[in-house]
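First the structure, in the form of C-alpha cells, and then the observations on it.
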Protein chains: 2
Amino acid sequence: MTPFKLTEEFIAEIEQLIDNRQDASITSMLAEVHYADVAELMNDLDEDHATYLIKLLDTEKTSETLTELDEDVREAILGNLSAKEIAGELNELDTDDAADIIGELPKGMVQEVISELEDREHAKDIVDLLRYDENSAGGLMAKELVKVNENWNVLTCVKEMRAQAENVTRVHSIYVVDDEGKLKGRLSLKDLLTTSTKANIKDVYIPKVDYVNVNERPDEVARIMTKYDLEAIPVIDEIGRLVGRITIDDIVDVIREEAEKDYQLAAGISQDVEADDSIWQLTRARLPWLFIGMMGGIGAASIINVYEGAFVKFPILLAFIPLMQATAGNVGVQSSAIVVQGLANDTIKKGEILGRLGKELLLGLVNGVALAAIFILISHFGFNTTYMVSFTIGIALVTVVVNAAVIGTFIPIFLHKRGIDPAIATGPFITTSNDVLGILIYFTIAKHILNF
Amino acid sequence: MTPFKLTEEFIAEIEQLIDNRQDASITSMLAEVHYADVAELMNDLDEDHATYLIKLLDTEKTSETLTELDEDVREAILGNLSAKEIAGELNELDTDDAADIIGELPKGMVQEVISELEDREHAKDIVDLLRYDENSAGGLMAKELVKVNENWNVLTCVKEMRAQAENVTRVHSIYVVDDEGKLKGRLSLKDLLTTSTKANIKDVYIPKVDYVNVNERPDEVARIMTKYDLEAIPVIDEIGRLVGRITIDDIVDVIREEAEKDYQLAAGISQDVEADDSIWQLTRARLPWLFIGMMGGIGAASIINVYEGAFVKFPILLAFIPLMQATAGNVGVQSSAIVVQGLANDTIKKGEILGRLGKELLLGLVNGVALAAIFILISHFGFNTTYMVSFTIGIALVTVVVNAAVIGTFIPIFLHKRGIDPAIATGPFITTSNDVLGILIYFTIAKHILNF
C-alpha cells in the first residue's frame, strides 16, 4: 500500500488550487488518491470547495467518494447538484449504493433523478430496491450478481458470465436458477475454471446454498454470514426467486454499527450520535438518561431523609454512602455487560437463567467479601470507626455487591426473553436502580445491626 | 438456507446414540449439518461425547468444527487426541487455522504433531506462520494464495492457477510477483476470464495493489481493509516479498473482538472474559476495577468527614450527595464514550482538542442548566428546601455536570495522544474520578454560598 496521509498542508494546497481554478493541477494531484481518501479530504473541506471537486473530477471516482462521505457533508453537496448531475454519479454506482443515496434525497428530487438515469435497466433495479425497508436484507442487498440457468452448459455459462460480469465488481459465486428464476444452487468461479466446457450446469452445480429472505433482519444476516464464514449470500423473495445478494463489506458495516450502538447504550446515550453532531442532537441523546439518573438521586435523597435520626448517632455512616453507591453501580454494570455480550454471541442460552444467576451470586459473594475485608482494614486505621460500625458497613457491602450482581444479571436476561434489546439495560438504567437499592440495603442493615 | 436449529431434543438424541455406539445413525444425522452447527452442538456436549464425535466423523468436517469450538472445549478435546489424530485434523485446515490450533497445544506436543503432518509443504508453511506474533498481520495471514510470475502469459497462468487453486478455498485475486517473489501487482479472476489467452501477464496486470507489512497491527489491517473495501489483502515481508494474505472473515473476527474489548473496558472488566469463564477468571477481571471504585468511595468519605460541621446546619445537603455523584458519573461516561468512539472511527482528529472541549463545555452547560431547573422545582415541592439551598444545589449541579463533561472528554484524548488505548479511560476510571471531584465541588460551592 502506498500509504496516503491526509495532511493539513495537502488540504490547504487543494483549497488554494480550487480558489485559483487550477483544474489540471487538482486532477493530477488527486489522480492516484483512493476515493476513500478523497472522501476524507472532502469531509474536511467547506461545502463550496467540496462541491467544486465533485463537479471537477471524473464521476467514476466521485460516485464512490459520495458513498464514503459523512452523511451531512453528502447531503450538503447533493443539495448543490442538479438532478442530471446526481444521476450521472448514480450511473457509476452499484444498485445498493445508488438506492441508499436516493433514499437520502428530498422527496421532490427522487422522481427527477430517476428519470435522468441513462441505463434504464439500472434505473429499474434501483427503483426495485427502494421498496425495501432499510432495516432488512432487502435494504442491504444489491441487484448486481451473476446468475445462470440450470439448463445451460458450461460453455454458454462462461459466455453469459463474461457479459454479466462486466457490471459486477466482485464475483463471489455464480448462482444457478431455474426457468422461473428460483434459486437452485451455486457454482464457484473455480469450479467453472476446472470443469470441462461441455458439461451441463445441471450436473455440476452445488445444490446446497445458504440464502436469506428479503425480510430478514440485518443483524440476523450478519450472524448467519459470520457464523458460516460467507463472503456473499443470495437473497430470495417470498416465493424463492433470486432477487439480490449481500456482500460481506456491507455486513462489516452492520457489525460496526451494532457494536457502536451497544457501546453508546451502555454509556447512556439513547440514539445513534457522532462526535461531530450538533449540540441539540447530542443533548437529545443524552439528557433523558441523565434525567433518569437524577430521579434515582432524588429517590436516594428520600431514603436518606427517612433515616435522618441515624445521622446524629452514627454520622460516619453517611460518609460511606458514596462508597455503597459506587460499588453497587460498578458491580451492576460489570454483571450486565457480561450477560449482554453472552446473549449477543450465544455463550448464554435462553434457558440458563438459574445457573447464570447462581454463578453471579457466588461471584458477588467472592468479590463482596474481598472488598469488605479490605474495607474493614482501611476504615479501622483510616477513619477510627468502631468495630461494630466497620462490621456493619462490611456486611452491607457484601449484601449490596451480591444484590447488584444479581440485578445486573437478571434484568438483561429478562429483557432478552421479552424480545427487548438487553443492551438498553446496561449503563445508567442498571446504575440508577442499583444506586437506590444499594442505599436502601445499606441503611436497612445498619438499622438492624446498630439499632437506631 | 435450510435453517438448522440446535434443540435440547437433538442434543439428547445424539448423546443417546453415542452412548449406544450407533455410529451409522450419528453419521447420517450429522451429514447435512454445517460444521459451525456441529461446533455449537459439541460446545453443549460433555468432553467424552464431544471427543467421541471428533474421532467418529470425517476429518474434512471435524477439522473445521475444531476451529469454531469454544477455546476451553477445544483444549479439552485436543487433550484426548494423539499427535497423529491432531495432525490428521490439521491436514485438512488452511495454514492460518492450523497454526492457530498448534499455538494452543502444550509445548511438548507441538513438535510431535508437526512431524506427523503428511503434506510436508503444508507443514513447512505452518511452521513459518508459527514465527509470527499473534498480534500482527503475520499472525493473521494464511499461506494459501494464488500467485503467478509476471513473465508468464495468460495461458500458462490459467494452467498454473488450476493447480494452485486446488488448495485455495476462495480465490479473491491472483497476485503477480517477479522472479524474486516480490509483489508487483494483481490480476482479477474476471480479468483472466475476459482476456485473450495469448496476452502476457506483464501487459495485463494491475500494478496498483494494496498490501500490508507482516508486522502491521491487526486493528490497522482492519482499518485499511474496511476503509478501502478489500476482501483480501496480500502481506509482504521486510524486503517486499509476498508471504501470505489476509481475508476479510479473519478481519470480521478482529473487529468483533475489538468491539467486545472496548465494551468490557467501558463496563470495568479488565481482561477478555466470557460469560462461561470460571469464577476465578471473572473475579480477576472484575475485582481490580471494583477496588479502584472503592478507593474513590473512601476518598469521598474523607471529603464528607472534613465538612462534618455543615451536616448540623444543613442536613439536607447530605441527602443530595448521591444525586451529585450519580449525575457526575453518568455525564462523564457519556462524554468519554462519544470521544472514544470518535477517536476510533476518526470523526475526531488528533488536533481538535480545544474545539472538542469547548463543545462538551457548552453541552454540559445546556444539560446542567436543564437538570438544575428540573431539580429546583422538584426539591422545592418535594423536600421543602429553602430557596437558598435549592439554588445552591442547582449551581453545584451545573458545575459538576460541566466539570464531568470536560474531564470525560479530556482524559481519553490525553491517553490517545500518549498512545494508550482511550477505551481504558471509560467506565469505572472516569466514574470514580468524577464521583470524588463531584462531591468536592458540591461542598466547596455550598460552603461559599451558604457560609458554613
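Labeling convention for the C-alpha cells: chains A, B, ... as they appear, residues from 1 per chain, ligands from 1 in order of appearance.
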
**OP:** Per DSSP on the backbone, filter region 8-200 of chain B down to the residues in strand (DSSP E or B) and report them as a list in words.
**Re:** Ala142, Val146, Lys147, Val148, Asn149, Asn153, Ile174, Tyr175, Val176, Val177, Lys182, Leu183, Lys184, Gly185, Arg186, Leu187 and Asn200 of chain B

Grab the residues selected above and save them as a tab-separated table (two decimals), in the first residue's frame with all heavy atoms.
chain	number	residue	atom	x	y	z
B	142	ALA	N	-2.77	-16.28	6.03
B	142	ALA	CA	-2.65	-17.68	5.62
B	142	ALA	C	-1.66	-17.74	4.48
B	142	ALA	O	-1.40	-16.74	3.80
B	142	ALA	CB	-4.00	-18.22	5.18
B	146	VAL	N	-2.99	-17.58	-4.60
B	146	VAL	CA	-2.64	-17.93	-5.97
B	146	VAL	C	-1.71	-16.84	-6.50
B	146	VAL	O	-2.07	-15.67	-6.51
B	146	VAL	CB	-3.90	-18.02	-6.85
B	146	VAL	CG1	-3.52	-18.32	-8.28
B	146	VAL	CG2	-4.85	-19.08	-6.32
B	147	LYS	N	-0.50	-17.23	-6.88
B	147	LYS	CA	0.41	-16.22	-7.42
B	147	LYS	C	1.00	-16.68	-8.75
B	147	LYS	O	1.19	-17.87	-8.98
B	147	LYS	CB	1.51	-15.89	-6.42
B	147	LYS	CG	2.49	-16.98	-6.12
B	147	LYS	CD	3.56	-16.48	-5.17
B	147	LYS	CE	4.43	-17.64	-4.67
B	147	LYS	NZ	5.32	-17.25	-3.59
B	148	VAL	N	1.24	-15.73	-9.63
B	148	VAL	CA	1.80	-16.04	-10.94
B	148	VAL	C	2.98	-15.10	-11.19
B	148	VAL	O	3.08	-14.03	-10.61
B	148	VAL	CB	0.75	-15.86	-12.06
B	148	VAL	CG1	-0.42	-16.81	-11.84
B	148	VAL	CG2	0.26	-14.42	-12.13
B	149	ASN	N	3.85	-15.56	-12.08
B	149	ASN	CA	5.05	-14.78	-12.40
B	149	ASN	C	4.72	-13.77	-13.49
B	149	ASN	O	4.01	-14.10	-14.45
B	149	ASN	CB	6.15	-15.74	-12.85
B	149	ASN	CG	7.48	-15.07	-12.94
B	149	ASN	OD1	7.65	-14.11	-13.70
B	149	ASN	ND2	8.43	-15.55	-12.16
B	153	ASN	N	2.59	-16.02	-19.70
B	153	ASN	CA	1.44	-15.50	-20.46
B	153	ASN	C	0.15	-16.02	-19.82
B	153	ASN	O	0.19	-16.84	-18.90
B	153	ASN	CB	1.54	-15.83	-21.95
B	153	ASN	CG	1.44	-17.32	-22.21
B	153	ASN	OD1	0.91	-18.08	-21.39
B	153	ASN	ND2	1.97	-17.76	-23.35
B	174	ILE	N	-5.46	-12.79	-8.03
B	174	ILE	CA	-4.26	-13.53	-8.38
B	174	ILE	C	-3.13	-12.53	-8.22
B	174	ILE	O	-3.17	-11.45	-8.81
B	174	ILE	CB	-4.35	-14.03	-9.83
B	174	ILE	CG1	-5.57	-14.94	-9.95
B	174	ILE	CG2	-3.08	-14.71	-10.25
B	174	ILE	CD1	-6.25	-14.84	-11.27
B	175	TYR	N	-2.16	-12.87	-7.39
B	175	TYR	CA	-1.08	-11.92	-7.17
B	175	TYR	C	0.05	-12.16	-8.15
B	175	TYR	O	0.38	-13.30	-8.47
B	175	TYR	CB	-0.58	-12.02	-5.72
B	175	TYR	CG	-1.71	-11.71	-4.74
B	175	TYR	CD1	-2.18	-12.68	-3.86
B	175	TYR	CD2	-2.31	-10.46	-4.75
B	175	TYR	CE1	-3.23	-12.40	-2.99
B	175	TYR	CE2	-3.37	-10.18	-3.90
B	175	TYR	CZ	-3.82	-11.15	-3.02
B	175	TYR	OH	-4.87	-10.86	-2.19
B	176	VAL	N	0.62	-11.07	-8.63
B	176	VAL	CA	1.69	-11.15	-9.62
B	176	VAL	C	3.01	-10.82	-8.93
B	176	VAL	O	3.11	-9.80	-8.23
B	176	VAL	CB	1.43	-10.15	-10.78
B	176	VAL	CG1	2.54	-10.23	-11.80
B	176	VAL	CG2	0.07	-10.43	-11.42
B	177	VAL	N	3.99	-11.71	-9.08
B	177	VAL	CA	5.29	-11.48	-8.45
B	177	VAL	C	6.40	-11.53	-9.50
B	177	VAL	O	6.19	-12.04	-10.61
B	177	VAL	CB	5.59	-12.56	-7.38
B	177	VAL	CG1	4.60	-12.46	-6.24
B	177	VAL	CG2	5.58	-13.96	-7.98
B	182	LYS	N	8.93	-10.89	-5.27
B	182	LYS	CA	8.42	-9.60	-4.78
B	182	LYS	C	7.08	-9.28	-5.43
B	182	LYS	O	6.88	-9.49	-6.62
B	182	LYS	CB	9.42	-8.48	-5.11
B	182	LYS	CG	10.65	-8.56	-4.23
B	182	LYS	CD	11.50	-7.32	-4.37
B	182	LYS	CE	12.75	-7.48	-3.52
B	182	LYS	NZ	13.87	-6.66	-4.00
B	183	LEU	N	6.17	-8.75	-4.61
B	183	LEU	CA	4.83	-8.43	-5.08
B	183	LEU	C	4.88	-7.29	-6.08
B	183	LEU	O	5.40	-6.21	-5.79
B	183	LEU	CB	3.96	-8.04	-3.88
B	183	LEU	CG	2.51	-7.66	-4.17
B	183	LEU	CD1	1.73	-8.86	-4.67
B	183	LEU	CD2	1.85	-7.09	-2.92
B	184	LYS	N	4.34	-7.52	-7.29
B	184	LYS	CA	4.34	-6.48	-8.31
B	184	LYS	C	2.95	-5.90	-8.56
B	184	LYS	O	2.81	-4.75	-8.93
B	184	LYS	CB	4.86	-7.06	-9.64
B	184	LYS	CG	6.24	-7.66	-9.59
B	184	LYS	CD	7.30	-6.61	-9.32
B	184	LYS	CE	7.55	-5.81	-10.58
B	184	LYS	NZ	8.67	-4.85	-10.38
B	185	GLY	N	1.91	-6.74	-8.41
B	185	GLY	CA	0.57	-6.26	-8.71
B	185	GLY	C	-0.43	-7.38	-8.58
B	185	GLY	O	-0.14	-8.40	-7.95
B	186	ARG	N	-1.60	-7.20	-9.20
B	186	ARG	CA	-2.61	-8.24	-9.09
B	186	ARG	C	-3.39	-8.36	-10.40
B	186	ARG	O	-3.26	-7.52	-11.30
B	186	ARG	CB	-3.57	-7.93	-7.95
B	186	ARG	CG	-4.42	-6.73	-8.22
B	186	ARG	CD	-5.25	-6.32	-7.02
B	186	ARG	NE	-5.75	-4.97	-7.24
B	186	ARG	CZ	-6.88	-4.70	-7.88
B	186	ARG	NH1	-7.62	-5.68	-8.36
B	186	ARG	NH2	-7.27	-3.45	-8.09
B	187	LEU	N	-4.20	-9.39	-10.42
B	187	LEU	CA	-4.97	-9.73	-11.60
B	187	LEU	C	-6.25	-10.31	-11.04
B	187	LEU	O	-6.20	-11.11	-10.10
B	187	LEU	CB	-4.18	-10.83	-12.33
B	187	LEU	CG	-4.30	-11.02	-13.81
B	187	LEU	CD1	-3.93	-9.75	-14.55
B	187	LEU	CD2	-3.34	-12.14	-14.22
B	200	ASN	N	0.46	-11.37	-22.50
B	200	ASN	CA	1.44	-11.58	-21.45
B	200	ASN	C	0.93	-10.97	-20.14
B	200	ASN	O	0.33	-9.89	-20.14
B	200	ASN	CB	2.77	-10.93	-21.81
B	200	ASN	CG	3.49	-11.73	-22.87
B	200	ASN	OD1	3.59	-12.96	-22.77
B	200	ASN	ND2	3.96	-11.04	-23.90

Original post:
If we count only C-alpha atoms, which residues of chain B reach to within 7 Å of chain A? Please list them as number ranges by chain.
Top reply: B: 1, 36, 162, 194, 209-212, 227-229, 249, 252, 259, 263-264, 267-269, 274-276, 279, 283, 287, 290-291, 293-294, 297-298, 300-301, 304-305, 319-320, 322-323, 326-327, 330, 333-334, 337-339, 342, 347-348, 363, 367, 371, 428

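The residue that comes closest to Lys61 (chain B), out of B:Gly79, B:Gly88, B:Pro412, B:Gly419 and on the basis of only C-alpha atoms, is B:Gly88.
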
**OP:** Report the residues of region 122-260 of chain A whose backbone DSSP state falls under alpha helix (DSSP H), written as a PyMOL selection string.
**Re:** chain A and resi 122-130+137-140+154-165+189-193+201-204+218-227+248-260

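Between CA of Glu220 (chain A) and CA of Ser136 (chain A) there is a distance of 9.4 Å.
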
**OP:** Provide the CA of Leu41 (chain B) to CA of Asp19 (chain B) distance in Å, to one decimal place.
**Re:**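 It comes out at 15.8 Å.
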
Subject >> Near-His416 (chain B) list (10 Å; only C-alpha atoms; drop same-chain fewer than 6 positions) as a PyMOL selection string >> reply: chain B and resi 340+343-344+350+410+422-423+425

**OP:** Do a neighbour search on Asn80 (chain A) at 9 Å with only C-alpha atoms, toss out local chain neighbours closer than 6 positions, and write the hits as a ChimeraX atom specification.
**Re:** /A:47-48,51

Output all heavy atoms for every residue in the selection just made, as a PDB file, in the first residue's frame.
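After the write, again.pdb holds the following:
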ATOM      1  N   GLU A  47     -18.235  23.419   2.108  1.00  0.00           N
ATOM      2  CA  GLU A  47     -19.202  22.945   1.126  1.00  0.00           C
ATOM      3  C   GLU A  47     -18.838  23.356  -0.299  1.00  0.00           C
ATOM      4  O   GLU A  47     -18.906  22.534  -1.225  1.00  0.00           O
ATOM      5  CB  GLU A  47     -20.576  23.510   1.512  1.00  0.00           C
ATOM      6  CG  GLU A  47     -21.732  22.872   0.802  1.00  0.00           C
ATOM      7  CD  GLU A  47     -23.040  23.520   1.229  1.00  0.00           C
ATOM      8  OE1 GLU A  47     -23.201  23.831   2.430  1.00  0.00           O
ATOM      9  OE2 GLU A  47     -23.903  23.718   0.365  1.00  0.00           O
ATOM     10  N   ASP A  48     -18.446  24.619  -0.483  1.00  0.00           N
ATOM     11  CA  ASP A  48     -18.170  25.093  -1.836  1.00  0.00           C
ATOM     12  C   ASP A  48     -16.973  24.389  -2.456  1.00  0.00           C
ATOM     13  O   ASP A  48     -17.008  23.972  -3.611  1.00  0.00           O
ATOM     14  CB  ASP A  48     -17.929  26.612  -1.829  1.00  0.00           C
ATOM     15  CG  ASP A  48     -19.201  27.366  -1.467  1.00  0.00           C
ATOM     16  OD1 ASP A  48     -20.287  26.769  -1.614  1.00  0.00           O
ATOM     17  OD2 ASP A  48     -19.103  28.527  -1.030  1.00  0.00           O
ATOM     18  N   THR A  51     -17.975  20.767  -3.240  1.00  0.00           N
ATOM     19  CA  THR A  51     -18.844  20.687  -4.419  1.00  0.00           C
ATOM     20  C   THR A  51     -18.039  20.900  -5.702  1.00  0.00           C
ATOM     21  O   THR A  51     -18.238  20.214  -6.701  1.00  0.00           O
ATOM     22  CB  THR A  51     -19.960  21.747  -4.324  1.00  0.00           C
ATOM     23  OG1 THR A  51     -20.623  21.596  -3.071  1.00  0.00           O
ATOM     24  CG2 THR A  51     -20.961  21.572  -5.451  1.00  0.00           C
TER      25      THR A  51
END
